[in-house]
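Trainee: The following file, entry-v7.txt, comprises compact mmCIF, N, CA and C atoms:
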```txt
# COMPACT_ATOMS: atom_id res chain seq x y z
N MET L 561 15.22 -9.37 -11.00
CA MET L 561 13.80 -9.62 -11.12
C MET L 561 13.22 -10.08 -9.78
N ALA L 562 13.93 -10.96 -9.10
CA ALA L 562 13.45 -11.45 -7.81
C ALA L 562 13.39 -10.32 -6.79
N LEU L 563 14.36 -9.39 -6.85
CA LEU L 563 14.38 -8.26 -5.94
C LEU L 563 13.16 -7.37 -6.14
N ALA L 564 12.81 -7.12 -7.40
CA ALA L 564 11.64 -6.30 -7.71
C ALA L 564 10.37 -7.00 -7.21
N TYR L 565 10.31 -8.30 -7.36
CA TYR L 565 9.14 -9.05 -6.89
C TYR L 565 9.03 -8.98 -5.37
N GLU L 566 10.15 -9.13 -4.67
CA GLU L 566 10.15 -9.03 -3.21
C GLU L 566 9.72 -7.64 -2.77
N HIS L 567 10.21 -6.61 -3.46
CA HIS L 567 9.82 -5.23 -3.14
C HIS L 567 8.31 -5.07 -3.34
N PHE L 568 7.79 -5.61 -4.44
CA PHE L 568 6.37 -5.53 -4.74
C PHE L 568 5.54 -6.24 -3.67
N LYS L 569 5.94 -7.44 -3.26
CA LYS L 569 5.22 -8.17 -2.22
C LYS L 569 5.23 -7.40 -0.91
N THR L 570 6.37 -6.80 -0.57
CA THR L 570 6.48 -6.01 0.65
C THR L 570 5.55 -4.81 0.59
N LEU L 571 5.53 -4.13 -0.54
CA LEU L 571 4.67 -2.97 -0.70
C LEU L 571 3.20 -3.36 -0.57
N LEU L 572 2.80 -4.47 -1.17
CA LEU L 572 1.41 -4.93 -1.05
C LEU L 572 1.04 -5.22 0.40
N LYS L 573 1.96 -5.84 1.13
CA LYS L 573 1.71 -6.13 2.55
C LYS L 573 1.55 -4.84 3.34
N LEU L 574 2.43 -3.87 3.09
CA LEU L 574 2.39 -2.61 3.80
C LEU L 574 1.13 -1.81 3.47
N LYS L 575 0.68 -1.89 2.23
CA LYS L 575 -0.49 -1.12 1.83
C LYS L 575 -1.73 -1.55 2.61
N THR L 576 -1.77 -2.79 3.03
CA THR L 576 -2.92 -3.24 3.79
C THR L 576 -2.79 -2.85 5.26
N GLU L 577 -1.58 -2.67 5.74
CA GLU L 577 -1.35 -2.40 7.16
C GLU L 577 -1.14 -0.93 7.49
N LEU L 578 -0.53 -0.19 6.58
CA LEU L 578 -0.13 1.18 6.87
C LEU L 578 -0.95 2.16 6.02
N LYS L 579 -1.79 2.93 6.67
CA LYS L 579 -2.73 3.78 5.96
C LYS L 579 -2.04 4.88 5.15
N SER L 580 -0.97 5.45 5.68
CA SER L 580 -0.31 6.53 4.94
C SER L 580 0.37 6.00 3.68
N ILE L 581 0.93 4.80 3.74
CA ILE L 581 1.55 4.19 2.57
C ILE L 581 0.48 3.97 1.49
N ASN L 582 -0.65 3.46 1.90
CA ASN L 582 -1.75 3.23 0.98
C ASN L 582 -2.20 4.55 0.34
N PHE L 583 -2.32 5.60 1.15
CA PHE L 583 -2.75 6.90 0.64
C PHE L 583 -1.76 7.49 -0.36
N PHE L 584 -0.49 7.51 0.02
CA PHE L 584 0.51 8.20 -0.80
C PHE L 584 0.94 7.42 -2.05
N THR L 585 0.61 6.15 -2.14
CA THR L 585 0.98 5.38 -3.34
C THR L 585 -0.18 5.26 -4.33
N LYS L 586 -1.22 6.03 -4.14
CA LYS L 586 -2.37 6.00 -5.06
C LYS L 586 -2.06 6.64 -6.41
N ASN L 587 -1.24 7.70 -6.43
CA ASN L 587 -0.90 8.34 -7.70
C ASN L 587 0.48 9.00 -7.60
N GLN L 588 1.00 9.43 -8.74
CA GLN L 588 2.35 9.98 -8.78
C GLN L 588 2.49 11.25 -7.97
N THR L 589 1.51 12.12 -8.03
CA THR L 589 1.59 13.39 -7.29
C THR L 589 1.71 13.12 -5.80
N ARG L 590 0.86 12.27 -5.28
CA ARG L 590 0.90 11.94 -3.85
C ARG L 590 2.25 11.30 -3.49
N PHE L 591 2.74 10.44 -4.38
CA PHE L 591 4.01 9.77 -4.11
C PHE L 591 5.15 10.78 -4.00
N PHE L 592 5.20 11.74 -4.93
CA PHE L 592 6.23 12.78 -4.86
C PHE L 592 6.08 13.62 -3.60
N ILE L 593 4.86 13.99 -3.26
CA ILE L 593 4.62 14.78 -2.04
C ILE L 593 5.12 14.01 -0.83
N TRP L 594 4.83 12.73 -0.79
CA TRP L 594 5.25 11.88 0.33
C TRP L 594 6.76 11.85 0.45
N LEU L 595 7.44 11.60 -0.67
CA LEU L 595 8.90 11.54 -0.63
C LEU L 595 9.50 12.88 -0.21
N LEU L 596 8.96 13.97 -0.70
CA LEU L 596 9.47 15.29 -0.33
C LEU L 596 9.19 15.60 1.14
N ALA L 597 8.04 15.16 1.65
CA ALA L 597 7.67 15.45 3.03
C ALA L 597 8.53 14.68 4.04
N VAL L 598 8.88 13.44 3.71
CA VAL L 598 9.61 12.61 4.67
C VAL L 598 11.13 12.72 4.54
N THR L 599 11.60 13.34 3.45
CA THR L 599 13.03 13.49 3.24
C THR L 599 13.60 14.49 4.23
N LYS L 600 14.72 14.11 4.84
CA LYS L 600 15.39 14.98 5.80
C LYS L 600 16.68 15.49 5.17
N PHE L 601 16.98 16.75 5.42
CA PHE L 601 18.19 17.36 4.89
C PHE L 601 19.06 17.87 6.02
N ASN L 602 20.36 18.00 5.76
CA ASN L 602 21.27 18.55 6.77
C ASN L 602 20.98 20.02 7.01
N GLU L 603 20.66 20.76 5.95
CA GLU L 603 20.34 22.16 6.12
C GLU L 603 18.85 22.32 6.38
N ASP L 604 18.49 23.40 7.01
CA ASP L 604 17.10 23.65 7.36
C ASP L 604 16.36 24.19 6.14
N ILE L 605 15.38 23.47 5.65
CA ILE L 605 14.60 23.87 4.48
C ILE L 605 13.15 24.01 4.90
N ASP L 606 12.56 25.17 4.55
CA ASP L 606 11.13 25.36 4.78
C ASP L 606 10.38 24.66 3.65
N LYS L 607 9.62 23.65 4.00
CA LYS L 607 8.87 22.90 3.00
C LYS L 607 7.48 23.53 2.86
N ASN L 608 7.46 24.67 2.18
CA ASN L 608 6.19 25.36 1.93
C ASN L 608 5.66 24.93 0.57
N PHE L 609 4.55 25.53 0.15
CA PHE L 609 3.96 25.16 -1.13
C PHE L 609 4.94 25.36 -2.28
N SER L 610 5.71 26.44 -2.25
CA SER L 610 6.69 26.70 -3.31
C SER L 610 7.72 25.58 -3.42
N TYR L 611 8.10 25.02 -2.29
CA TYR L 611 9.06 23.90 -2.27
C TYR L 611 8.49 22.71 -3.05
N TYR L 612 7.22 22.40 -2.81
CA TYR L 612 6.59 21.27 -3.51
C TYR L 612 6.40 21.59 -4.99
N TYR L 613 5.99 22.82 -5.32
CA TYR L 613 5.82 23.22 -6.71
C TYR L 613 7.13 23.09 -7.49
N SER L 614 8.21 23.53 -6.89
CA SER L 614 9.49 23.54 -7.60
C SER L 614 10.13 22.15 -7.70
N ASN L 615 9.73 21.22 -6.85
CA ASN L 615 10.33 19.88 -6.85
C ASN L 615 9.47 18.80 -7.51
N ILE L 616 8.25 19.14 -7.87
CA ILE L 616 7.42 18.20 -8.61
C ILE L 616 7.29 18.74 -10.03
N PRO L 617 7.77 18.00 -11.02
CA PRO L 617 7.76 18.50 -12.40
C PRO L 617 6.35 18.85 -12.89
N ASN L 618 6.28 19.88 -13.72
CA ASN L 618 4.99 20.33 -14.26
C ASN L 618 4.30 19.24 -15.07
N HIS L 619 5.06 18.38 -15.73
CA HIS L 619 4.43 17.33 -16.53
C HIS L 619 3.86 16.21 -15.65
N ILE L 620 4.21 16.20 -14.38
CA ILE L 620 3.64 15.22 -13.44
C ILE L 620 2.34 15.76 -12.83
N SER L 621 2.37 17.03 -12.42
CA SER L 621 1.22 17.58 -11.73
C SER L 621 1.20 19.11 -11.78
N SER L 622 0.01 19.66 -11.80
CA SER L 622 -0.15 21.12 -11.76
C SER L 622 -0.13 21.60 -10.31
N GLN L 623 0.04 22.90 -10.14
CA GLN L 623 0.04 23.47 -8.78
C GLN L 623 -1.30 23.26 -8.10
N ILE L 624 -2.38 23.36 -8.85
CA ILE L 624 -3.72 23.15 -8.27
C ILE L 624 -3.86 21.72 -7.77
N ASN L 625 -3.39 20.74 -8.56
CA ASN L 625 -3.47 19.35 -8.13
C ASN L 625 -2.59 19.10 -6.91
N ILE L 626 -1.41 19.70 -6.89
CA ILE L 626 -0.52 19.56 -5.72
C ILE L 626 -1.23 20.11 -4.48
N ASN L 627 -1.85 21.28 -4.61
CA ASN L 627 -2.62 21.85 -3.48
C ASN L 627 -3.72 20.90 -3.03
N ASN L 628 -4.48 20.37 -3.98
CA ASN L 628 -5.58 19.46 -3.64
C ASN L 628 -5.09 18.20 -2.94
N GLN L 629 -4.00 17.63 -3.44
CA GLN L 629 -3.46 16.40 -2.83
C GLN L 629 -2.92 16.67 -1.43
N ILE L 630 -2.27 17.81 -1.24
CA ILE L 630 -1.79 18.18 0.09
C ILE L 630 -2.96 18.36 1.04
N ASP L 631 -4.01 19.05 0.58
CA ASP L 631 -5.20 19.24 1.42
C ASP L 631 -5.84 17.91 1.80
N LEU L 632 -5.90 16.97 0.86
CA LEU L 632 -6.44 15.63 1.17
C LEU L 632 -5.58 14.93 2.22
N ALA L 633 -4.27 15.05 2.08
CA ALA L 633 -3.37 14.42 3.05
C ALA L 633 -3.53 15.06 4.43
N VAL L 634 -3.74 16.36 4.48
CA VAL L 634 -3.96 17.05 5.76
C VAL L 634 -5.28 16.58 6.37
N GLU L 635 -6.33 16.50 5.55
CA GLU L 635 -7.64 16.03 6.04
C GLU L 635 -7.57 14.62 6.61
N ASN L 636 -6.72 13.78 6.01
CA ASN L 636 -6.58 12.39 6.48
C ASN L 636 -5.58 12.24 7.62
N GLY L 637 -4.93 13.32 8.01
CA GLY L 637 -4.00 13.27 9.13
C GLY L 637 -2.60 12.79 8.79
N PHE L 638 -2.22 12.81 7.51
CA PHE L 638 -0.90 12.34 7.11
C PHE L 638 0.11 13.48 6.96
N LEU L 639 -0.38 14.68 6.72
CA LEU L 639 0.45 15.88 6.68
C LEU L 639 -0.20 16.92 7.57
N GLU L 640 0.60 17.90 7.97
CA GLU L 640 0.05 19.01 8.75
C GLU L 640 0.59 20.32 8.25
N LYS L 641 -0.21 21.36 8.41
CA LYS L 641 0.20 22.70 7.99
C LYS L 641 0.52 23.51 9.24
N GLN L 642 1.61 24.27 9.15
CA GLN L 642 2.01 25.16 10.25
C GLN L 642 2.40 26.50 9.66
N ASN L 643 2.13 27.57 10.40
CA ASN L 643 2.58 28.88 9.96
C ASN L 643 4.08 28.99 10.13
N SER L 644 4.74 29.58 9.16
CA SER L 644 6.18 29.76 9.22
C SER L 644 6.53 30.82 10.26
N THR L 645 7.58 30.58 11.00
CA THR L 645 8.02 31.57 11.98
C THR L 645 8.80 32.70 11.31
N SER L 646 9.45 32.42 10.19
CA SER L 646 10.26 33.43 9.52
C SER L 646 9.44 34.30 8.55
N ASP L 647 8.39 33.75 7.97
CA ASP L 647 7.56 34.49 7.03
C ASP L 647 6.10 34.19 7.33
N LYS L 648 5.40 35.14 7.90
CA LYS L 648 4.01 34.93 8.34
C LYS L 648 3.06 34.59 7.18
N ARG L 649 3.44 34.89 5.95
CA ARG L 649 2.59 34.58 4.80
C ARG L 649 2.76 33.15 4.34
N SER L 650 3.80 32.49 4.76
CA SER L 650 4.14 31.16 4.29
C SER L 650 3.57 30.08 5.22
N ILE L 651 3.12 29.00 4.61
CA ILE L 651 2.62 27.84 5.37
C ILE L 651 3.56 26.67 5.10
N ILE L 652 4.04 26.06 6.18
CA ILE L 652 4.95 24.92 6.09
C ILE L 652 4.12 23.64 6.13
N ILE L 653 4.43 22.72 5.23
CA ILE L 653 3.75 21.43 5.19
C ILE L 653 4.72 20.37 5.69
N LYS L 654 4.32 19.67 6.74
CA LYS L 654 5.18 18.65 7.36
C LYS L 654 4.46 17.32 7.45
N ALA L 655 5.24 16.27 7.46
CA ALA L 655 4.69 14.94 7.68
C ALA L 655 4.33 14.80 9.16
N THR L 656 3.21 14.12 9.42
CA THR L 656 2.82 13.88 10.81
C THR L 656 3.66 12.75 11.39
N LYS L 657 3.56 12.56 12.67
CA LYS L 657 4.31 11.49 13.34
C LYS L 657 3.92 10.12 12.77
N GLN L 658 2.62 9.92 12.50
CA GLN L 658 2.15 8.67 11.92
C GLN L 658 2.82 8.40 10.58
N THR L 659 2.87 9.41 9.73
CA THR L 659 3.48 9.26 8.41
C THR L 659 4.96 8.93 8.52
N LEU L 660 5.67 9.62 9.40
CA LEU L 660 7.11 9.36 9.57
C LEU L 660 7.36 7.96 10.12
N THR L 661 6.54 7.54 11.07
CA THR L 661 6.69 6.20 11.64
C THR L 661 6.44 5.12 10.59
N GLU L 662 5.39 5.30 9.81
CA GLU L 662 5.07 4.31 8.77
C GLU L 662 6.11 4.33 7.65
N TYR L 663 6.68 5.48 7.35
CA TYR L 663 7.75 5.56 6.36
C TYR L 663 8.99 4.81 6.86
N ASP L 664 9.33 4.97 8.14
CA ASP L 664 10.47 4.25 8.70
C ASP L 664 10.23 2.74 8.65
N THR L 665 9.02 2.30 8.92
CA THR L 665 8.67 0.89 8.82
C THR L 665 8.85 0.40 7.38
N TYR L 666 8.39 1.19 6.44
CA TYR L 666 8.54 0.88 5.02
C TYR L 666 10.02 0.74 4.65
N ARG L 667 10.85 1.69 5.08
CA ARG L 667 12.29 1.65 4.76
C ARG L 667 12.95 0.41 5.34
N GLU L 668 12.61 0.06 6.57
CA GLU L 668 13.23 -1.11 7.21
C GLU L 668 12.84 -2.40 6.48
N LEU L 669 11.59 -2.51 6.07
CA LEU L 669 11.17 -3.72 5.36
C LEU L 669 11.79 -3.80 3.97
N ILE L 670 11.97 -2.66 3.31
CA ILE L 670 12.61 -2.64 2.00
C ILE L 670 14.07 -3.04 2.14
N LYS L 671 14.74 -2.59 3.20
CA LYS L 671 16.15 -2.97 3.42
C LYS L 671 16.30 -4.47 3.55
N LYS L 672 15.32 -5.12 4.19
CA LYS L 672 15.37 -6.57 4.36
C LYS L 672 15.26 -7.29 3.02
N CYS L 673 14.56 -6.67 2.08
CA CYS L 673 14.41 -7.27 0.74
C CYS L 673 15.72 -7.20 -0.03
N LEU L 674 16.54 -6.21 0.28
CA LEU L 674 17.79 -6.05 -0.46
C LEU L 674 18.78 -7.04 0.05
```
Could you show the structure in this file as structure tokens?

Mentor:
Amino acid sequence: MALAYEHFKTLLKLKTELKSINFFTKNQTRFFIWLLAVTKFNEDIDKNFSYYYSNIPNHISSQININNQIDLAVENGFLEKQNSTSDKRSIIIKATKQTLTEYDTYRELIKKCL
């Protein structure tokens, strides 16, 4: 119980200081998008719209809502869209440097709570 409380206090502190954390913790769809965007894998994965559709359950969010939330994150500078080099029809969605930096800060503070 104390661990959960410490995590909660840390999250509240970060939400006031880190804009991307505040943005992505507003709803479940944004939270899933954030986790998928900042997750790093050993193999090279193109994180296009299909990647987000297939990894966010339908009962959590529709494809239209996922598109809208990604567009909002791009408008706010937390995600960026790039054309795929392997498939010109595909658009890759990546976390910006600000988002990755703030995510690393979040991870380090959470580790201290554990």

Trainee: Give me the residues near Val598 in chain L as a list in words, where near means some atom within 8 Å (using only N, CA and C atoms) and where sequence neighbours in that chain fewer than 6 positions away do not count.

Mentor: Phe592, Lys654, Ala655, Thr659, Leu660 and Tyr663 of chain L

Trainee: Quick one: distance from CA of Gly637 in chain L to CA of His619 in chain L in Å, one decimal?

Mentor: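 Distance between the two atoms: 27.3 Å.
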
Trainee: Scan for residues within 8 Å of the point (-0.7, 19.5, 1.5) in the coordinates of the file, using only N, CA and C atoms, and reply as a list in words.

Mentor: Ile593, Phe609, Ile626, Asn627, Asn628, Gln629, Ile630, Asp631, Leu632, Ala633, Val634, Glu635, Leu639, Glu640, Lys641, Ile652, Ile653 and Lys654 of chain L

Trainee: Please identify all polymer residues lying at most 8 Å from the point (4.4, 20.1, -4.8) (file coordinates), using all atoms listed in the file, and present the result as a PDB file with N, CA and C atoms, in the frame of the given file.

Mentor:
```pdb
ATOM      1  N   THR L 589       1.510  12.120  -8.030  1.00  0.00           N
ATOM      2  CA  THR L 589       1.590  13.390  -7.290  1.00  0.00           C
ATOM      3  C   THR L 589       1.710  13.120  -5.800  1.00  0.00           C
ATOM      4  N   PHE L 592       5.200  11.740  -4.930  1.00  0.00           N
ATOM      5  CA  PHE L 592       6.230  12.780  -4.860  1.00  0.00           C
ATOM      6  C   PHE L 592       6.080  13.620  -3.600  1.00  0.00           C
ATOM      7  N   ILE L 593       4.860  13.990  -3.260  1.00  0.00           N
ATOM      8  CA  ILE L 593       4.620  14.780  -2.040  1.00  0.00           C
ATOM      9  C   ILE L 593       5.120  14.010  -0.830  1.00  0.00           C
ATOM     10  N   ASN L 608       7.460  24.670   2.180  1.00  0.00           N
ATOM     11  CA  ASN L 608       6.190  25.360   1.930  1.00  0.00           C
ATOM     12  C   ASN L 608       5.660  24.930   0.570  1.00  0.00           C
ATOM     13  N   PHE L 609       4.550  25.530   0.150  1.00  0.00           N
ATOM     14  CA  PHE L 609       3.960  25.160  -1.130  1.00  0.00           C
ATOM     15  C   PHE L 609       4.940  25.360  -2.280  1.00  0.00           C
ATOM     16  N   SER L 610       5.710  26.440  -2.250  1.00  0.00           N
ATOM     17  CA  SER L 610       6.690  26.700  -3.310  1.00  0.00           C
ATOM     18  C   SER L 610       7.720  25.580  -3.420  1.00  0.00           C
ATOM     19  N   TYR L 611       8.100  25.020  -2.290  1.00  0.00           N
ATOM     20  CA  TYR L 611       9.060  23.900  -2.270  1.00  0.00           C
ATOM     21  C   TYR L 611       8.490  22.710  -3.050  1.00  0.00           C
ATOM     22  N   TYR L 612       7.220  22.400  -2.810  1.00  0.00           N
ATOM     23  CA  TYR L 612       6.590  21.270  -3.510  1.00  0.00           C
ATOM     24  C   TYR L 612       6.400  21.590  -4.990  1.00  0.00           C
ATOM     25  N   TYR L 613       5.990  22.820  -5.320  1.00  0.00           N
ATOM     26  CA  TYR L 613       5.820  23.220  -6.710  1.00  0.00           C
ATOM     27  C   TYR L 613       7.130  23.090  -7.490  1.00  0.00           C
ATOM     28  N   SER L 614       8.210  23.530  -6.890  1.00  0.00           N
ATOM     29  CA  SER L 614       9.490  23.540  -7.600  1.00  0.00           C
ATOM     30  C   SER L 614      10.130  22.150  -7.700  1.00  0.00           C
ATOM     31  N   ASN L 615       9.730  21.220  -6.850  1.00  0.00           N
ATOM     32  CA  ASN L 615      10.330  19.880  -6.850  1.00  0.00           C
ATOM     33  C   ASN L 615       9.470  18.800  -7.510  1.00  0.00           C
ATOM     34  N   ILE L 616       8.250  19.140  -7.870  1.00  0.00           N
ATOM     35  CA  ILE L 616       7.420  18.200  -8.610  1.00  0.00           C
ATOM     36  C   ILE L 616       7.290  18.740 -10.030  1.00  0.00           C
ATOM     37  N   PRO L 617       7.770  18.000 -11.020  1.00  0.00           N
ATOM     38  CA  PRO L 617       7.760  18.500 -12.400  1.00  0.00           C
ATOM     39  C   PRO L 617       6.350  18.850 -12.890  1.00  0.00           C
ATOM     40  N   SER L 621       2.370  17.030 -12.420  1.00  0.00           N
ATOM     41  CA  SER L 621       1.220  17.580 -11.730  1.00  0.00           C
ATOM     42  C   SER L 621       1.200  19.110 -11.780  1.00  0.00           C
ATOM     43  N   SER L 622       0.010  19.660 -11.800  1.00  0.00           N
ATOM     44  CA  SER L 622      -0.150  21.120 -11.760  1.00  0.00           C
ATOM     45  C   SER L 622      -0.130  21.600 -10.310  1.00  0.00           C
ATOM     46  N   GLN L 623       0.040  22.900 -10.140  1.00  0.00           N
ATOM     47  CA  GLN L 623       0.040  23.470  -8.780  1.00  0.00           C
ATOM     48  C   GLN L 623      -1.300  23.260  -8.100  1.00  0.00           C
ATOM     49  N   ASN L 625      -3.390  20.740  -8.560  1.00  0.00           N
ATOM     50  CA  ASN L 625      -3.470  19.350  -8.130  1.00  0.00           C
ATOM     51  C   ASN L 625      -2.590  19.100  -6.910  1.00  0.00           C
ATOM     52  N   ILE L 626      -1.410  19.700  -6.890  1.00  0.00           N
ATOM     53  CA  ILE L 626      -0.520  19.560  -5.720  1.00  0.00           C
ATOM     54  C   ILE L 626      -1.230  20.110  -4.480  1.00  0.00           C
ATOM     55  N   ASN L 627      -1.850  21.280  -4.610  1.00  0.00           N
ATOM     56  CA  ASN L 627      -2.620  21.850  -3.480  1.00  0.00           C
ATOM     57  C   ASN L 627      -3.720  20.900  -3.030  1.00  0.00           C
ATOM     58  N   ILE L 630      -2.270  17.810  -1.240  1.00  0.00           N
ATOM     59  CA  ILE L 630      -1.790  18.180   0.090  1.00  0.00           C
ATOM     60  C   ILE L 630      -2.960  18.360   1.040  1.00  0.00           C
TER      61      ILE L 630
END
```

Trainee: May I ask for the distance between atom N of Asn587 in chain L and atom N of Ile605 in chain L, given in Å to one decimal place?

Mentor: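 Interatomic distance here is 25.9 Å.
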
Trainee: Separation of CA of Gln588 in chain L and CA of Phe638 in chain L, in Å?

Mentor: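 If I compute the distance from CA of Gln588 in chain L to CA of Phe638 in chain L, I get 16.4 Å.
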
Trainee: DSSP on the backbone: which residues in chain L end up as strand (DSSP E or B)? Give the answer as a compact mmCIF listing (two decimals) with N, CA and C atoms, keeping the file's coordinate frame.

Mentor:
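Saved to selection.txt:
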```
# COMPACT_ATOMS: atom_id res chain seq x y z
N ASN L 608 7.46 24.67 2.18
CA ASN L 608 6.19 25.36 1.93
C ASN L 608 5.66 24.93 0.57
N LEU L 639 -0.38 14.68 6.72
CA LEU L 639 0.45 15.88 6.68
C LEU L 639 -0.20 16.92 7.57
N GLU L 640 0.60 17.90 7.97
CA GLU L 640 0.05 19.01 8.75
C GLU L 640 0.59 20.32 8.25
N LYS L 641 -0.21 21.36 8.41
CA LYS L 641 0.20 22.70 7.99
C LYS L 641 0.52 23.51 9.24
N GLN L 642 1.61 24.27 9.15
CA GLN L 642 2.01 25.16 10.25
C GLN L 642 2.40 26.50 9.66
N ASN L 643 2.13 27.57 10.40
CA ASN L 643 2.58 28.88 9.96
C ASN L 643 4.08 28.99 10.13
N ILE L 651 3.12 29.00 4.61
CA ILE L 651 2.62 27.84 5.37
C ILE L 651 3.56 26.67 5.10
N ILE L 652 4.04 26.06 6.18
CA ILE L 652 4.95 24.92 6.09
C ILE L 652 4.12 23.64 6.13
N ILE L 653 4.43 22.72 5.23
CA ILE L 653 3.75 21.43 5.19
C ILE L 653 4.72 20.37 5.69
N LYS L 654 4.32 19.67 6.74
CA LYS L 654 5.18 18.65 7.36
C LYS L 654 4.46 17.32 7.45
N ALA L 655 5.24 16.27 7.46
CA ALA L 655 4.69 14.94 7.68
C ALA L 655 4.33 14.80 9.16
```

Trainee: Using only N, CA and C atoms, pick whichever of L:Asp606, L:Glu662, L:Glu668, L:Glu577 has the shortest atom-to-atom distance to Ser644 in chain L.

Mentor: L:Asp606
